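Printed here is structure-v4.cif (mmCIF, C-alpha atoms):
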data_start
#
loop_
_atom_site.group_PDB
_atom_site.id
_atom_site.type_symbol
_atom_site.label_atom_id
_atom_site.label_comp_id
_atom_site.auth_asym_id
_atom_site.auth_seq_id
_atom_site.Cartn_x
_atom_site.Cartn_y
_atom_site.Cartn_z
ATOM 1 C CA MET L 73 13.991 120.381 -50.106
ATOM 2 C CA SER L 74 16.646 121.992 -47.991
ATOM 3 C CA ALA L 75 19.204 120.142 -45.929
ATOM 4 C CA GLU L 76 17.452 121.373 -42.851
ATOM 5 C CA ASP L 77 14.187 119.918 -44.039
ATOM 6 C CA GLY L 78 15.968 116.661 -44.846
ATOM 7 C CA GLN L 79 17.350 116.514 -41.362
ATOM 8 C CA GLN L 80 13.896 117.089 -39.936
ATOM 9 C CA ASP L 81 12.415 114.437 -42.237
ATOM 10 C CA GLY L 82 15.213 112.056 -41.239
ATOM 11 C CA ALA L 83 14.114 112.373 -37.691
ATOM 12 C CA ARG L 84 10.715 111.084 -38.744
ATOM 13 C CA PHE L 85 11.648 108.705 -41.581
ATOM 14 C CA ARG L 86 14.446 106.389 -42.450
ATOM 15 C CA GLN L 87 15.755 106.577 -45.963
ATOM 16 C CA SER L 88 15.605 103.240 -47.766
ATOM 17 C CA PRO L 89 18.343 102.926 -50.366
ATOM 18 C CA THR L 90 16.087 100.996 -52.749
ATOM 19 C CA GLY L 91 12.640 102.198 -52.016
ATOM 20 C CA PRO L 92 10.457 104.745 -50.354
ATOM 21 C CA ARG L 93 11.067 106.130 -46.986
ATOM 22 C CA VAL L 94 9.747 104.054 -44.054
ATOM 23 C CA ALA L 95 8.478 105.465 -40.832
ATOM 24 C CA PRO L 96 10.404 104.214 -37.761
ATOM 25 C CA ARG L 97 8.626 101.942 -35.258
ATOM 26 C CA PRO L 98 7.250 103.772 -32.308
ATOM 27 C CA ALA L 99 8.708 102.884 -28.949
ATOM 28 C CA SER L 100 6.820 100.039 -27.213
ATOM 29 C CA THR L 101 4.446 101.151 -24.505
ATOM 30 C CA VAL L 102 3.633 97.612 -23.167
ATOM 31 C CA THR L 103 5.114 96.962 -19.764
ATOM 32 C CA SER L 104 6.189 93.399 -18.955
ATOM 33 C CA ALA L 105 4.290 91.528 -16.172
ATOM 34 C CA PRO L 106 6.184 91.036 -12.910
ATOM 35 C CA PRO L 107 7.738 87.575 -12.526
ATOM 36 C CA PRO L 108 5.555 85.063 -10.592
ATOM 37 C CA GLN L 109 6.232 84.924 -6.898
ATOM 38 C CA PRO L 110 7.373 81.534 -5.553
ATOM 39 C CA PRO L 111 4.860 79.816 -3.223
ATOM 40 C CA ASP L 112 5.264 80.223 0.462
ATOM 41 C CA MET L 113 7.745 77.527 1.434
ATOM 42 C CA THR L 114 8.381 76.205 4.880
ATOM 43 C CA ASP L 115 10.900 73.392 5.287
ATOM 44 C CA ARG L 116 11.037 73.282 1.443
ATOM 45 C CA LEU L 117 7.327 72.238 1.211
ATOM 46 C CA PRO L 118 4.370 74.394 0.190
ATOM 47 C CA SER L 119 2.338 75.400 3.230
ATOM 48 C CA GLY L 120 -0.780 73.620 1.873
ATOM 49 C CA VAL L 121 1.052 70.307 1.540
ATOM 50 C CA ARG L 122 2.582 70.711 4.977
ATOM 51 C CA TRP L 123 -0.801 71.207 6.656
ATOM 52 C CA ARG L 124 -2.285 68.222 4.834
ATOM 53 C CA ARG L 125 0.549 66.042 6.093
ATOM 54 C CA ILE L 126 0.092 67.300 9.636
ATOM 55 C CA GLY L 127 -3.620 66.525 9.413
ATOM 56 C CA SER L 128 -2.880 62.989 8.183
ATOM 57 C CA VAL L 129 -0.498 62.397 11.089
ATOM 58 C CA ILE L 130 -3.063 63.651 13.610
ATOM 59 C CA PHE L 131 -5.749 61.395 12.079
ATOM 60 C CA PHE L 132 -3.433 58.346 12.198
ATOM 61 C CA VAL L 133 -2.482 59.000 15.820
ATOM 62 C CA ALA L 134 -6.168 59.339 16.763
ATOM 63 C CA ILE L 135 -6.957 55.954 15.168
ATOM 64 C CA VAL L 136 -4.036 54.274 16.948
ATOM 65 C CA LEU L 137 -5.028 55.765 20.295
ATOM 66 C CA GLY L 138 -8.670 54.748 19.837
ATOM 67 C CA THR L 139 -7.713 51.198 18.936
ATOM 68 C CA GLY L 140 -5.284 51.013 21.831
ATOM 69 C CA ILE L 141 -7.889 52.213 24.319
ATOM 70 C CA CYS L 142 -10.435 49.643 23.091
ATOM 71 C CA ALA L 143 -7.840 46.873 23.234
ATOM 72 C CA TYR L 144 -6.835 47.901 26.758
ATOM 73 C CA ARG L 145 -10.450 47.854 27.916
ATOM 74 C CA ASP L 146 -10.968 44.393 26.429
ATOM 75 C CA LEU L 147 -7.764 42.931 27.822
ATOM 76 C CA SER L 148 -8.261 44.529 31.242
ATOM 77 C CA ARG L 149 -11.240 42.230 31.841
ATOM 78 C CA PRO L 150 -10.184 39.190 33.900
ATOM 79 C CA ASP L 151 -11.660 36.691 31.422
ATOM 80 C CA ALA L 152 -10.251 38.411 28.338
ATOM 81 C CA TRP L 153 -6.621 37.628 29.062
ATOM 82 C CA SER L 154 -7.528 34.010 29.881
ATOM 83 C CA PHE L 155 -9.222 33.702 26.484
ATOM 84 C CA TRP L 156 -6.299 35.183 24.535
ATOM 85 C CA LYS L 157 -3.813 33.065 26.467
ATOM 86 C CA ASP L 158 -5.796 29.890 25.772
ATOM 87 C CA GLN L 159 -6.299 30.837 22.122
ATOM 88 C CA TYR L 160 -2.806 31.990 21.140
ATOM 89 C CA VAL L 161 -0.220 31.589 23.921
ATOM 90 C CA SER L 162 -0.635 28.240 25.681
ATOM 91 C CA PRO L 163 -3.793 26.264 24.834
ATOM 92 C CA SER L 164 -5.108 24.147 27.684
ATOM 93 C CA LEU L 165 -5.830 21.269 25.293
ATOM 94 C CA SER L 166 -3.454 19.255 23.143
ATOM 95 C CA SER L 167 -4.150 16.843 20.298
ATOM 96 C CA ARG L 168 -2.605 13.985 18.372
ATOM 97 C CA LEU L 169 -3.840 12.598 15.068
ATOM 98 C CA ILE L 170 -3.693 8.882 14.285
ATOM 99 C CA ALA L 171 -4.626 8.461 10.643
ATOM 100 C CA ASP L 172 -5.289 4.713 10.825
ATOM 101 C CA ALA L 173 -6.085 3.769 14.413
ATOM 102 C CA ALA L 174 -7.174 0.378 15.724
ATOM 103 C CA ILE L 175 -9.773 0.834 18.470
ATOM 104 C CA PRO L 176 -10.341 -2.172 20.721
ATOM 105 C CA GLY L 177 -13.646 -3.797 19.798
ATOM 106 C CA LEU L 178 -14.232 -1.609 16.751
ATOM 107 C CA ALA L 179 -13.458 -2.384 13.127
ATOM 108 C CA PRO L 180 -12.360 -1.252 10.611
ATOM 109 C CA LYS L 181 -9.536 1.140 11.413
ATOM 110 C CA ARG L 182 -10.289 4.844 11.097
ATOM 111 C CA ALA L 183 -8.857 8.302 11.753
ATOM 112 C CA VAL L 184 -8.749 9.299 15.418
ATOM 113 C CA LEU L 185 -8.033 12.744 16.849
ATOM 114 C CA ALA L 186 -6.963 12.279 20.471
ATOM 115 C CA VAL L 187 -7.707 15.393 22.576
ATOM 116 C CA ARG L 188 -6.592 15.750 26.173
ATOM 117 C CA GLY L 189 -6.297 18.453 28.832
ATOM 118 C CA SER L 190 -8.557 20.923 30.609
ATOM 119 C CA ILE L 191 -11.319 22.682 28.672
ATOM 120 C CA GLY L 192 -10.240 26.318 28.660
ATOM 121 C CA PRO L 193 -12.101 29.507 27.681
ATOM 122 C CA ALA L 194 -11.133 29.161 23.990
ATOM 123 C CA ALA L 195 -11.379 25.373 23.713
ATOM 124 C CA ALA L 196 -14.210 25.299 21.151
ATOM 125 C CA GLY L 197 -12.383 27.473 18.623
ATOM 126 C CA TRP L 198 -9.213 25.475 19.190
ATOM 127 C CA LEU L 199 -11.057 22.181 18.540
ATOM 128 C CA ARG L 200 -12.643 23.501 15.337
ATOM 129 C CA ALA L 201 -9.206 24.457 14.022
ATOM 130 C CA ARG L 202 -7.747 21.012 14.865
ATOM 131 C CA ILE L 203 -10.639 19.233 13.133
ATOM 132 C CA ASP L 204 -10.102 21.323 10.008
ATOM 133 C CA GLU L 205 -6.353 20.675 10.051
ATOM 134 C CA ALA L 206 -6.880 16.926 10.445
ATOM 135 C CA GLN L 207 -9.502 16.928 7.657
ATOM 136 C CA LEU L 208 -11.706 14.547 9.625
ATOM 137 C CA LYS L 209 -14.667 13.004 7.838
ATOM 138 C CA PRO L 210 -18.078 12.045 9.248
ATOM 139 C CA GLY L 211 -17.656 8.827 11.211
ATOM 140 C CA ASP L 212 -14.092 9.584 12.309
ATOM 141 C CA ILE L 213 -13.522 9.610 16.052
ATOM 142 C CA VAL L 214 -12.514 12.295 18.535
ATOM 143 C CA LEU L 215 -10.983 10.648 21.580
ATOM 144 C CA LEU L 216 -11.466 12.671 24.770
ATOM 145 C CA ALA L 217 -9.509 12.630 28.037
ATOM 146 C CA SER L 218 -10.237 15.633 30.255
ATOM 147 C CA PRO L 219 -11.033 16.500 33.894
ATOM 148 C CA GLY L 220 -13.458 19.189 32.676
ATOM 149 C CA GLY L 221 -13.324 22.964 32.677
ATOM 150 C CA SER L 222 -15.576 25.566 31.080
ATOM 151 C CA LEU L 223 -19.175 24.334 30.830
ATOM 152 C CA ASP L 224 -20.034 26.721 27.989
ATOM 153 C CA GLN L 225 -17.011 25.634 25.973
ATOM 154 C CA GLY L 226 -17.822 21.981 26.589
ATOM 155 C CA VAL L 227 -21.286 22.504 25.100
ATOM 156 C CA LEU L 228 -19.849 24.386 22.116
ATOM 157 C CA MET L 229 -17.346 21.593 21.527
ATOM 158 C CA GLY L 230 -20.233 19.133 21.436
ATOM 159 C CA GLU L 231 -22.079 21.289 18.919
ATOM 160 C CA ILE L 232 -18.993 21.382 16.691
ATOM 161 C CA LEU L 233 -18.535 17.616 16.860
ATOM 162 C CA ARG L 234 -22.178 17.026 15.939
ATOM 163 C CA ALA L 235 -22.029 19.525 13.065
ATOM 164 C CA HIS L 236 -19.071 17.582 11.589
ATOM 165 C CA GLY L 237 -20.794 14.213 12.054
ATOM 166 C CA LEU L 238 -17.931 12.902 14.212
ATOM 167 C CA ALA L 239 -18.080 10.083 16.738
ATOM 168 C CA THR L 240 -16.694 10.348 20.276
ATOM 169 C CA ALA L 241 -15.045 7.976 22.725
ATOM 170 C CA VAL L 242 -13.207 8.332 26.015
ATOM 171 C CA GLY L 243 -9.573 7.305 25.874
ATOM 172 C CA ALA L 244 -5.966 8.405 25.435
ATOM 173 C CA VAL L 245 -3.058 7.493 23.172
ATOM 174 C CA ASP L 246 0.185 6.260 24.708
ATOM 175 C CA ASP L 247 3.698 6.854 23.390
ATOM 176 C CA ALA L 248 3.503 3.749 21.219
ATOM 177 C CA GLY L 249 0.322 5.032 19.541
ATOM 178 C CA ARG L 250 -1.969 2.546 21.288
ATOM 179 C CA ILE L 251 -5.365 3.632 22.599
ATOM 180 C CA ARG L 252 -5.768 3.258 26.350
ATOM 181 C CA PRO L 253 -8.685 3.832 28.773
ATOM 182 C CA ALA L 254 -9.074 7.331 30.233
ATOM 183 C CA THR L 255 -11.609 9.508 32.042
ATOM 184 C CA CYS L 256 -13.890 12.325 30.887
ATOM 185 C CA ALA L 257 -15.551 14.359 33.639
ATOM 186 C CA SER L 258 -17.627 17.485 34.201
ATOM 187 C CA ALA L 259 -17.654 19.745 31.107
ATOM 188 C CA CYS L 260 -15.948 17.010 29.080
ATOM 189 C CA VAL L 261 -19.179 14.996 29.289
ATOM 190 C CA PHE L 262 -20.988 17.723 27.309
ATOM 191 C CA ALA L 263 -18.354 17.568 24.592
ATOM 192 C CA PHE L 264 -18.620 13.761 24.566
ATOM 193 C CA ALA L 265 -22.414 13.993 24.215
ATOM 194 C CA GLY L 266 -22.000 15.810 20.903
ATOM 195 C CA GLY L 267 -20.743 12.700 19.142
ATOM 196 C CA GLN L 268 -22.955 11.385 16.356
ATOM 197 C CA THR L 269 -22.090 7.958 17.760
ATOM 198 C CA ARG L 270 -20.783 7.746 21.322
ATOM 199 C CA TYR L 271 -18.570 4.724 21.932
ATOM 200 C CA GLY L 272 -17.912 3.305 25.365
ATOM 201 C CA LEU L 273 -14.367 1.949 25.643
ATOM 202 C CA ASP L 274 -13.762 -0.819 28.148
ATOM 203 C CA GLY L 275 -12.070 0.620 31.225
ATOM 204 C CA SER L 276 -12.874 4.292 30.439
ATOM 205 C CA ALA L 277 -15.243 6.288 32.625
ATOM 206 C CA LEU L 278 -17.591 9.295 32.427
ATOM 207 C CA GLY L 279 -17.971 11.474 35.521
ATOM 208 C CA VAL L 280 -20.726 13.979 36.331
ATOM 209 C CA HIS L 281 -21.285 16.331 39.243
ATOM 210 C CA ARG L 282 -23.467 19.202 40.368
ATOM 211 C CA PHE L 283 -22.562 22.504 38.784
ATOM 212 C CA THR L 284 -22.431 25.645 40.905
ATOM 213 C CA SER L 285 -23.295 29.283 40.226
ATOM 214 C CA ALA L 286 -21.048 32.228 41.010
ATOM 215 C CA ALA L 287 -24.108 34.374 41.797
ATOM 216 C CA GLN L 288 -25.560 34.709 45.285
ATOM 217 C CA GLY L 289 -29.022 34.653 46.846
ATOM 218 C CA GLU L 290 -31.990 34.734 44.505
ATOM 219 C CA ASP L 291 -29.701 35.395 41.555
ATOM 220 C CA ALA L 292 -27.938 32.087 42.205
ATOM 221 C CA VAL L 293 -31.240 30.198 42.147
ATOM 222 C CA ALA L 294 -32.337 31.900 38.941
ATOM 223 C CA ASP L 295 -28.946 31.284 37.315
ATOM 224 C CA THR L 296 -28.989 27.615 38.306
ATOM 225 C CA GLN L 297 -32.466 27.186 36.827
ATOM 226 C CA ARG L 298 -31.407 28.898 33.613
ATOM 227 C CA VAL L 299 -28.296 26.733 33.236
ATOM 228 C CA THR L 300 -30.243 23.575 34.064
ATOM 229 C CA GLY L 301 -32.795 24.372 31.369
ATOM 230 C CA ALA L 302 -30.061 25.058 28.813
ATOM 231 C CA ILE L 303 -28.236 21.817 29.633
ATOM 232 C CA LEU L 304 -31.455 19.797 29.474
ATOM 233 C CA GLY L 305 -32.249 21.279 26.065
ATOM 234 C CA TYR L 306 -28.758 20.517 24.790
ATOM 235 C CA MET L 307 -28.745 16.924 26.030
ATOM 236 C CA THR L 308 -32.194 16.311 24.578
ATOM 237 C CA ARG L 309 -31.064 17.537 21.149
ATOM 238 C CA MET L 310 -28.056 15.225 21.350
ATOM 239 C CA GLY L 311 -30.306 12.246 22.063
ATOM 240 C CA VAL L 312 -29.301 11.839 25.725
ATOM 241 C CA SER L 313 -31.894 10.985 28.376
ATOM 242 C CA SER L 314 -32.868 13.555 31.005
ATOM 243 C CA GLN L 315 -31.708 11.012 33.596
ATOM 244 C CA VAL L 316 -28.196 12.394 33.192
ATOM 245 C CA ILE L 317 -29.437 15.744 34.567
ATOM 246 C CA GLU L 318 -30.784 13.937 37.605
ATOM 247 C CA ALA L 319 -27.405 12.272 38.068
ATOM 248 C CA MET L 320 -25.721 15.678 37.918
ATOM 249 C CA SER L 321 -28.029 17.225 40.498
ATOM 250 C CA GLN L 322 -27.306 14.701 43.244
ATOM 251 C CA PRO L 323 -23.619 14.743 44.244
ATOM 252 C CA ARG L 324 -21.230 17.641 44.626
ATOM 253 C CA GLU L 325 -18.304 15.287 44.131
ATOM 254 C CA ILE L 326 -17.835 13.569 40.808
ATOM 255 C CA ARG L 327 -20.014 10.532 40.266
ATOM 256 C CA TRP L 328 -18.409 8.024 37.942
ATOM 257 C CA LEU L 329 -21.110 6.427 35.852
ATOM 258 C CA ASP L 330 -21.277 2.697 35.586
ATOM 259 C CA PRO L 331 -21.114 1.575 31.924
ATOM 260 C CA LYS L 332 -24.625 0.155 32.229
ATOM 261 C CA ASP L 333 -25.915 3.450 33.678
ATOM 262 C CA ALA L 334 -24.235 5.469 30.924
ATOM 263 C CA GLU L 335 -25.833 3.207 28.341
ATOM 264 C CA ALA L 336 -29.246 3.402 30.046
ATOM 265 C CA MET L 337 -29.023 7.206 29.974
ATOM 266 C CA LYS L 338 -28.208 6.977 26.246
ATOM 267 C CA LEU L 339 -25.006 8.860 26.995
ATOM 268 C CA VAL L 340 -23.129 5.910 25.502
ATOM 269 C CA SER L 341 -24.792 4.662 22.332
ATOM 270 C CA VAL L 342 -22.451 1.734 21.541
ATOM 271 C CA GLN L 343 -20.624 -0.127 24.280
ATOM 272 C CA LEU L 344 -17.440 -1.648 22.865
ATOM 273 C CA LYS L 345 -16.294 -4.996 24.157
ATOM 274 C CA PRO L 346 -12.597 -5.694 24.788
ATOM 275 C CA LEU L 347 -10.729 -7.710 22.191
#

As structure tokens, what does this structure read like?
Amino acid sequence: MSAEDGQQDGARFRQSPTGPRVAPRPASTVTSAPPPQPPDMTDRLPSGVRWRRIGSVIFFVAIVLGTGICAYRDLSRPDAWSFWKDQYVSPSLSSRLIADAAIPGLAPKRAVLAVRGSIGPAAAGWLRARIDEAQLKPGDIVLLASPGGSLDQGVLMGEILRAHGLATAVGAVDDAGRIRPATCASACVFAFAGGQTRYGLDGSALGVHRFTSAAQGEDAVADTQRVTGAILGYMTRMGVSSQVIEAMSQPREIRWLDPKDAEAMKLVSVQLKPL
């Protein structure tokens, strides 16, 4: 082999000092893939994440606006604000619990929840909460002193008292914790009628009067008949004579019932005698 041939063979082979000649590796023909492109970033967040966050914000704002509109419509009604005020801001009723009260003419001592004030638009819910807080048992007494108020709430209060098996009486508690005579008129009489036992305290009085309708013309007559029927049904279920409805239909001013009349109407079930 000539030197020229060796040079040509060297171009094709590499001489191994200890072995046969080895063919050189061919040059690589594989091209590397381009580096991945970074995602589209706006404010350092991927565009997909950004749009999802915007959608969440829009959805949250829509819920808040919808709730706000509904709340505004509810509170814009004249009676709605009165209800919320009576329920949460300044209740028209107040209460005082006497765990071991001595009631004139009644023995033994028992728990008494003294309730006084006007019967507002949220009075029934308020009374239920006070009964639960006081943990009153059947036979315990709710002492009422009120000029009246909402007829519907008075009826609901009576239903709550009957459901708990509580007794009722008309009276108030003085600063020394003694029970004194008081008055219960108008819607308060319906709450009083809900007592499982209705005690008549010496010196206390129940007052009834004719209820009026806010409607006019034929609607007023129909509304009065409807309310009269509902009241009669309620009083009958509570064990009160229909004579009390007759007493309500006569005067526009309050008629204070004589203790004997209240007992004859079965509005008072047990007349307590003074000590």

For the file shown, report as a VMD selection string the outcome of the PyMOL selection byres ((chain L and resi 183-191) around 7) at residue level.
-> chain L and resid 164 to 173 182 192 to 193 195 212 to 222 225 to 226 244 to 245

For CA of Lys181 in chain L and CA of Gly272 in chain L, the interatomic separation in Å (one decimal) |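 Between these atoms lies a distance of 16.4 Å.
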
Would you kindly translate the PyMOL selection byres ((chain L and resi 282) around 12) into the concrete residues it picks from this file, as number ranges by chain?
-> L: 223, 257-259, 279-281, 283-285, 296, 299-300, 316-327

Output for the residues just chosen: C-alpha atoms as a compact mmCIF listing (two decimals), in the frame of the given file:
# COMPACT_ATOMS: atom_id res chain seq x y z
CA LEU L 223 -19.18 24.33 30.83
CA ALA L 257 -15.55 14.36 33.64
CA SER L 258 -17.63 17.48 34.20
CA ALA L 259 -17.65 19.74 31.11
CA GLY L 279 -17.97 11.47 35.52
CA VAL L 280 -20.73 13.98 36.33
CA HIS L 281 -21.28 16.33 39.24
CA PHE L 283 -22.56 22.50 38.78
CA THR L 284 -22.43 25.64 40.90
CA SER L 285 -23.30 29.28 40.23
CA THR L 296 -28.99 27.62 38.31
CA VAL L 299 -28.30 26.73 33.24
CA THR L 300 -30.24 23.58 34.06
CA VAL L 316 -28.20 12.39 33.19
CA ILE L 317 -29.44 15.74 34.57
CA GLU L 318 -30.78 13.94 37.60
CA ALA L 319 -27.40 12.27 38.07
CA MET L 320 -25.72 15.68 37.92
CA SER L 321 -28.03 17.23 40.50
CA GLN L 322 -27.31 14.70 43.24
CA PRO L 323 -23.62 14.74 44.24
CA ARG L 324 -21.23 17.64 44.63
CA GLU L 325 -18.30 15.29 44.13
CA ILE L 326 -17.84 13.57 40.81
CA ARG L 327 -20.01 10.53 40.27

Expansion of the PyMOL selection byres ((chain L and resi 344) around 9) into residues, as a list in words =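 Expected selection for the PyMOL selection byres ((chain L and resi 344) around 9) here is Pro176, Gly177, Leu178, Tyr271, Gly272, Leu273, Asp274, Val342, Gln343, Lys345 and Pro346 of chain L.
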
Atomic distance CA of Arg250 in chain L - CA of Ala277 in chain L, expressed in Å with one decimal =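 Interatomic distance, CA of Arg250 in chain L to CA of Ala277 in chain L: 17.9 Å.
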
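Going from CA of Glu205 in chain L to CA of His236 in chain L covers 13.2 Å.
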
Kindly indicate which residue among L:Val293, L:Asp158, L:Met337, L:Phe262 lies nearest to Asp224 in chain L, using all atoms listed in the file for the distances.
->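 The shortest atom-to-atom distance to Asp224 in chain L comes from L:Phe262.
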
Show which residues sit within 8 Å of Phe264 in chain L, as a PyMOL selection string. Count all atoms listed in the file, and ignore same-chain residues fewer than 4 positions away.
-> chain L and resi 216+230+240-242+260+270

Can you work out which one of L:Leu339, L:Ile232, L:Leu329, L:Val227 has the shortest atom-to-atom distance to Arg202 in chain L, counting all atoms listed in the file?
->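 Closest candidate: L:Ile232.
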
Name the closest residue to Ser162 in chain L among the candidates L:Ala174, L:Asp291, L:Trp198, L:Pro331; distances are taken between atoms, counting only C-alpha atoms.
-> L:Trp198

As lines of an AutoDock Vina configuration file, what would the box around range 269-280 of chain L look like: edges along x, y and z, 3 Å added on every side, centre and edge lengths in Å to one decimal?
center_x = -17.1
center_y = 6.6
center_z = 27.0
size_x = 16.0
size_y = 20.8
size_z = 24.6

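Residue nearest Leu304 in chain L within the list L:Ser341, L:Ala265, L:Val133, L:Cys256: L:Ala265 [criterion: smallest interatomic distance, all atoms listed in the file].
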
Taking into account all atoms listed in the file, which residue in the set L:Ala294, L:Ile175, L:Phe132, L:Asp204 is nearest to Gly243 in chain L?
-> L:Ile175

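If you count only C-alpha atoms and ignore residues fewer than 3 places along the chain from Gly266 in chain L, what sits within 7 Å of it is Gly230, Glu231, Leu233, Arg234, Phe262, Ala263 and Met310 of chain L.
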